[in-house]
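Chemist: My questions all concern the structure below.
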Amino acid sequence: MDEMIEERADQTLILTGNEAAAWAARRAKVHVVTAFPITPQTTVMETIAQFVDAGKMNSQFIRMESEHSVMAGMVGASMTGARTFTATSGQGLLYMAELVHWAAGARLPVVTTIASRGIAPPWNIWVDYSDVLSMRDTGWMIQFASTHQEIFDSVIINYKVAENPEVMLPAFVAYGGFTQSHTSKPVALPAQGRIDEFLPPPPRKGWPHLHLDPDRPIVHGNIMMPHQEYMEFRFKIHETMERAKSVIQEAIREFKVDFGRDYQGLIEPYFTEDAEYLLITIGALAEQAKDAVDNLRKRGVRAGLVKLRYYRPFPTEDLAALLEAVNLKAVAVADRSIAYGSPTGGHISSDFYSVLRQTRQEITYLPVVWGLGGRDVTVEEQVGLFEDLREFHEGGRVGGRNKLICGTLWVGLR
Amino acid sequence: MNEKKPKANQKSGLPADSGWRELPHVPVSLAVMGSIGKTGEWRIFRPEISGEKCNRCGICYLYCPEGTLVFKSGTGPEINLTYCKGCGICAAECPRKAISMKPETAGRNNG
């Protein structure tokens, strides 16, 4: 009876962010899950273990001895054509790093959720995207989910994108440790039958480019000499990232048609059409910044927001088009991560600089770092950032609210 | 796909007029003899089997990482020197010390 309900009826359950990720793996009918506990991800794996134990999920649940082995297991399983899922955080992701590169280099459509947290030392388990952003150059697609619903939906959408034969790249879905992973919200879970239609099972004969089959032995991962095609295979991953943009947009469009929720694209603009002052940021703080924009709009300030959803591939064209279409005075890009020694101190703000240069628009630009290691960023501070942005645009300096150091605004830095 | 034209990955690459567009997502080799070249060219020490000591137990066959030890019905073991890298594992594992490693000379024959 339960099965029939699940197959045919949509449900809305109160779920933590981690439970939403686990439910997404269940609805995606993943074949193999490899697991190792790490805060704040652990309850994703615990929830899946309960699903498998109760017979609700027909998956191989393999407990590994480390995160390095977790991703090795994902790679091995995916090479047989299995749909694979795992989750990790912070240090665990870093321990995985070698195999993270391997999954992308072998073009395996692994999907992994990251409950992002600060990196030790000193120990920190609260939201900070420095963990997933340290995987910037691995060849994985990186998406931020800013609501509980978006966590569930993004896992489903990213399987569809990753498994597209034109793409065949793994994907991270990242969300904030504790602020999202351990808080509870209603999450709409479409009926299993509807998800199956949107996301059919992988091809029975395995992925077209790489399939381990004992009856047809192959060798993969041989050495490639400098005069051979190593450089071309690297270029192809970069080129695929570019092409993945349209595949992502198509998957989002299809998701909207099937389930009614519109994630718009690689970016989600909010009150941008007539904006003079624009904030670009990620994750739950981007969702919260809508309140700051509403607040400012009530006071007549033409504030706007771009929620950056995908970091890899980077939405270069979308942002450039927006910069050219909107008569902006100033833009702030706020990172909840630190890129030591980079031109701006943040990850996304450095990438955005390059887009801004490409457009040749004369727009005041203010890189921002905030909320590291789970430090709270309030709506009031976000409103204050827009004030800083205006002051910086008009006078090249900011008031006493925050520190402007070497061209970057450090919100809340003591 | 690559599997249909395995030659593309086995030598120094693609025809001159091809580029990255023609490549598959990943390089894959079929399990054919010598898919990464004639590894016998790496050899500095050559294994030699003493026919008197060898009782054809097959331990060397099991341990050889390159599958270069060949047993045929009634004969063997023989070593395929085209691919034997001279690692010496067979000599180390042979329980009767029937395999000895001899330095290659300048005029060696890789078979």
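Scheme for the structure tokens: letters A, B, ... for chains in order shown; per-chain residue numbers from 1; ligand numbers from 1 in order shown.
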Up to 7 Å from chain A, what residues of chain B turn up? Count only C-alpha atoms and give them as a list in words.
Modeler: Ser12, Gly13, Trp20, Pro24, His25, Val26, Pro27, Val28, Ser29, Leu30 and Ala31 of chain B
Chemist: List as a list in words the protein and nucleic acid residues near B:Gly88, meaning an atom at most 8 Å away when only C-alpha atoms are counted, but skip any in the same chain fewer than 6 places from it.
Modeler: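 These residues fall inside the cut-off: Phe45, Pro47 and Met101 of chain B.
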Chemist: Store the residues picked out above in a file with N, CA and C atoms, as an mmCIF file, in the first residue's frame.
Modeler:
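Written file, again-v8.cif:
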```
data_model
loop_
_atom_site.group_PDB
_atom_site.id
_atom_site.type_symbol
_atom_site.label_atom_id
_atom_site.label_comp_id
_atom_site.auth_asym_id
_atom_site.auth_seq_id
_atom_site.Cartn_x
_atom_site.Cartn_y
_atom_site.Cartn_z
ATOM 1 N N PHE B 45 67.236 -6.741 -16.647
ATOM 2 C CA PHE B 45 67.598 -8.117 -16.278
ATOM 3 C C PHE B 45 66.610 -9.087 -16.924
ATOM 4 N N PRO B 47 64.959 -12.864 -17.118
ATOM 5 C CA PRO B 47 64.781 -14.103 -16.358
ATOM 6 C C PRO B 47 65.162 -15.316 -17.211
ATOM 7 N N MET B 101 68.023 -14.076 -12.698
ATOM 8 C CA MET B 101 67.979 -12.842 -13.475
ATOM 9 C C MET B 101 69.387 -12.548 -13.989
#
```
Chemist: List the spatial neighbours of B:Gly86 as a VMD selection string - criterion: any atom at most 12 Å away, only C-alpha atoms, same-chain residues fewer than 5 positions off excluded.
Modeler: chain B and resid 39 to 48 64 to 66 68 to 69 79 to 81 91 to 92 99 to 104 110
Chemist: May I have the residues from that selection written out with C-alpha atoms, as a compact mmCIF listing (two decimals), in the first residue's frame?
Modeler:
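And here is the file that came out, again_23.txt:
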```txt
# COMPACT_ATOMS: atom_id res chain seq x y z
CA THR B 39 57.26 -3.42 -22.46
CA GLY B 40 60.11 -5.85 -23.03
CA GLU B 41 62.11 -2.82 -24.15
CA TRP B 42 62.25 -1.69 -20.51
CA ARG B 43 64.12 -4.82 -19.41
CA ILE B 44 67.56 -4.61 -17.79
CA PHE B 45 67.60 -8.12 -16.28
CA ARG B 46 66.35 -11.13 -18.17
CA PRO B 47 64.78 -14.10 -16.36
CA GLU B 48 66.23 -17.48 -17.31
CA CYS B 64 53.81 -12.45 -13.36
CA PRO B 65 52.13 -8.99 -13.45
CA GLU B 66 52.28 -8.83 -17.25
CA THR B 68 54.30 -13.09 -19.97
CA LEU B 69 54.81 -16.62 -18.65
CA ILE B 79 58.76 -16.30 -21.18
CA ASN B 80 57.41 -13.90 -23.78
CA LEU B 81 60.38 -11.55 -23.92
CA ALA B 91 62.59 -15.24 -9.75
CA ALA B 92 61.75 -14.02 -6.25
CA ILE B 99 64.62 -18.68 -12.28
CA SER B 100 67.68 -16.44 -12.27
CA MET B 101 67.98 -12.84 -13.48
CA LYS B 102 70.80 -12.22 -15.94
CA PRO B 103 71.94 -8.75 -17.06
CA GLU B 104 70.88 -7.92 -20.59
CA ASN B 110 63.39 -8.90 -27.50
```
Chemist: Identify, with DSSP run on backbone atoms, the residues in stretch 191-401 of chain A assigned to strand (DSSP E), and express the list as a PyMOL selection string.
Modeler: chain A and resi 218-220+267-270+277-281+303-308+310-312+330-335+364-369
Chemist: Using only C-alpha atoms for the distances, tell me which of A:Ser246, A:Thr34, A:Ser78, A:Ser337 is nearest to A:Trp126.
Modeler: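 Ranking A:Ser246, A:Thr34, A:Ser78, A:Ser337 by distance to A:Trp126, first place goes to A:Ser337.
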Chemist: Leaving out stretch 74-78 of chain B and any residue of its chain fewer than 4 positions from it, which residues lie within 10 Å of it when counting only C-alpha atoms, given as number ranges by chain?
Modeler: B: 48-49, 51, 54-58, 60-61, 68-70
Chemist: For the residues in that selection, give me N, CA and C atoms as a compact mmCIF listing (two decimals), in the first residue's frame.
Modeler:
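Output (result01.txt):
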```
# COMPACT_ATOMS: atom_id res chain seq x y z
N GLU B 48 65.91 -16.22 -16.61
CA GLU B 48 66.23 -17.48 -17.31
C GLU B 48 65.81 -18.65 -16.43
N ILE B 49 65.13 -19.60 -17.07
CA ILE B 49 64.57 -20.72 -16.31
C ILE B 49 65.48 -21.93 -16.44
N GLY B 51 65.74 -25.59 -16.58
CA GLY B 51 64.86 -26.72 -16.85
C GLY B 51 65.03 -27.86 -15.86
N CYS B 54 63.13 -26.64 -12.46
CA CYS B 54 61.70 -26.31 -12.59
C CYS B 54 60.84 -27.57 -12.57
N ASN B 55 59.81 -27.58 -11.69
CA ASN B 55 58.88 -28.71 -11.69
C ASN B 55 57.51 -28.30 -12.24
N ARG B 56 57.48 -27.16 -12.92
CA ARG B 56 56.27 -26.69 -13.62
C ARG B 56 55.09 -26.50 -12.66
N CYS B 57 55.38 -25.93 -11.49
CA CYS B 57 54.30 -25.73 -10.51
C CYS B 57 53.35 -24.61 -10.92
N GLY B 58 53.85 -23.63 -11.71
CA GLY B 58 52.98 -22.55 -12.18
C GLY B 58 52.92 -21.33 -11.29
N CYS B 60 55.14 -19.01 -10.98
CA CYS B 60 55.62 -17.86 -11.76
C CYS B 60 54.51 -17.32 -12.66
N TYR B 61 53.73 -18.22 -13.22
CA TYR B 61 52.61 -17.84 -14.08
C TYR B 61 51.59 -17.01 -13.30
N THR B 68 53.34 -12.73 -18.91
CA THR B 68 54.30 -13.09 -19.97
C THR B 68 54.81 -14.52 -19.83
N LEU B 69 54.39 -15.22 -18.77
CA LEU B 69 54.81 -16.62 -18.65
C LEU B 69 53.78 -17.51 -19.32
N VAL B 70 54.27 -18.33 -20.20
CA VAL B 70 53.38 -19.11 -21.05
C VAL B 70 53.58 -20.60 -20.78
```
Chemist: Give the helix (DSSP H, G or I) residues of stretch 58-96 of chain B, as assigned by DSSP on the backbone, as a PyMOL selection string.
Modeler: chain B and resi 59-63+89-93
Chemist: Restricted to N, CA and C atoms, what would the selected residues look like written as a PDB file, in the first residue's frame?
Modeler:
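The resulting file, selection_7.pdb, is shown below:
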```pdb
ATOM      1  N   ILE B  59      53.711 -21.311 -10.216  1.00  0.00           N
ATOM      2  CA  ILE B  59      53.716 -20.135  -9.336  1.00  0.00           C
ATOM      3  C   ILE B  59      54.140 -18.886 -10.123  1.00  0.00           C
ATOM      4  N   CYS B  60      55.144 -19.014 -10.977  1.00  0.00           N
ATOM      5  CA  CYS B  60      55.617 -17.858 -11.755  1.00  0.00           C
ATOM      6  C   CYS B  60      54.507 -17.323 -12.656  1.00  0.00           C
ATOM      7  N   TYR B  61      53.728 -18.218 -13.219  1.00  0.00           N
ATOM      8  CA  TYR B  61      52.612 -17.841 -14.083  1.00  0.00           C
ATOM      9  C   TYR B  61      51.594 -17.012 -13.299  1.00  0.00           C
ATOM     10  N   LEU B  62      51.354 -17.434 -12.048  1.00  0.00           N
ATOM     11  CA  LEU B  62      50.369 -16.722 -11.229  1.00  0.00           C
ATOM     12  C   LEU B  62      50.869 -15.330 -10.821  1.00  0.00           C
ATOM     13  N   TYR B  63      52.161 -15.221 -10.562  1.00  0.00           N
ATOM     14  CA  TYR B  63      52.684 -13.953 -10.050  1.00  0.00           C
ATOM     15  C   TYR B  63      53.031 -12.938 -11.130  1.00  0.00           C
ATOM     16  N   ILE B  89      59.942 -10.618 -10.350  1.00  0.00           N
ATOM     17  CA  ILE B  89      59.000 -11.180  -9.378  1.00  0.00           C
ATOM     18  C   ILE B  89      58.972 -12.708  -9.496  1.00  0.00           C
ATOM     19  N   CYS B  90      59.012 -13.221 -10.723  1.00  0.00           N
ATOM     20  CA  CYS B  90      58.992 -14.673 -10.921  1.00  0.00           C
ATOM     21  C   CYS B  90      60.182 -15.327 -10.228  1.00  0.00           C
ATOM     22  N   ALA B  91      61.370 -14.677 -10.364  1.00  0.00           N
ATOM     23  CA  ALA B  91      62.586 -15.238  -9.752  1.00  0.00           C
ATOM     24  C   ALA B  91      62.466 -15.223  -8.232  1.00  0.00           C
ATOM     25  N   ALA B  92      61.876 -14.132  -7.707  1.00  0.00           N
ATOM     26  CA  ALA B  92      61.753 -14.022  -6.250  1.00  0.00           C
ATOM     27  C   ALA B  92      60.748 -15.024  -5.689  1.00  0.00           C
ATOM     28  N   GLU B  93      59.700 -15.322  -6.469  1.00  0.00           N
ATOM     29  CA  GLU B  93      58.634 -16.177  -5.948  1.00  0.00           C
ATOM     30  C   GLU B  93      58.867 -17.663  -6.199  1.00  0.00           C
TER      31      GLU B  93
END
```
Chemist: Just the residues within 10 Å of A:Glu150, please, counting only C-alpha atoms, with nothing from its chain fewer than 5 positions along; format it as an MDAnalysis selection string.
Modeler: chainID A and resid 17 20:21 144:145 155:157 173 175 187 261 263
Chemist: So that I have them on file, write out the residues from the current selection with C-alpha atoms, as an mmCIF file, in the first residue's frame.
Modeler:
```
data_model
loop_
_atom_site.group_PDB
_atom_site.id
_atom_site.type_symbol
_atom_site.label_atom_id
_atom_site.label_comp_id
_atom_site.auth_asym_id
_atom_site.auth_seq_id
_atom_site.Cartn_x
_atom_site.Cartn_y
_atom_site.Cartn_z
ATOM 1 C CA GLY A 17 18.056 19.603 4.363
ATOM 2 C CA ALA A 20 15.784 16.152 1.517
ATOM 3 C CA ALA A 21 19.091 15.031 -0.035
ATOM 4 C CA PHE A 144 24.421 25.729 -4.772
ATOM 5 C CA ALA A 145 20.986 24.895 -3.404
ATOM 6 C CA VAL A 155 19.844 16.325 -7.075
ATOM 7 C CA ILE A 156 17.171 15.069 -9.469
ATOM 8 C CA ILE A 157 17.971 17.721 -12.094
ATOM 9 C CA VAL A 173 25.038 19.991 -5.017
ATOM 10 C CA TYR A 175 24.196 23.642 0.728
ATOM 11 C CA VAL A 187 9.590 19.651 1.011
ATOM 12 C CA ARG A 261 8.954 24.810 -9.912
ATOM 13 C CA TYR A 263 14.794 27.473 -11.105
#
```
Chemist: What gap, in Å, lies between atom CA of A:Arg390 and atom CA of A:Gln358?
Modeler: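 Interatomic distance here is 23.4 Å.
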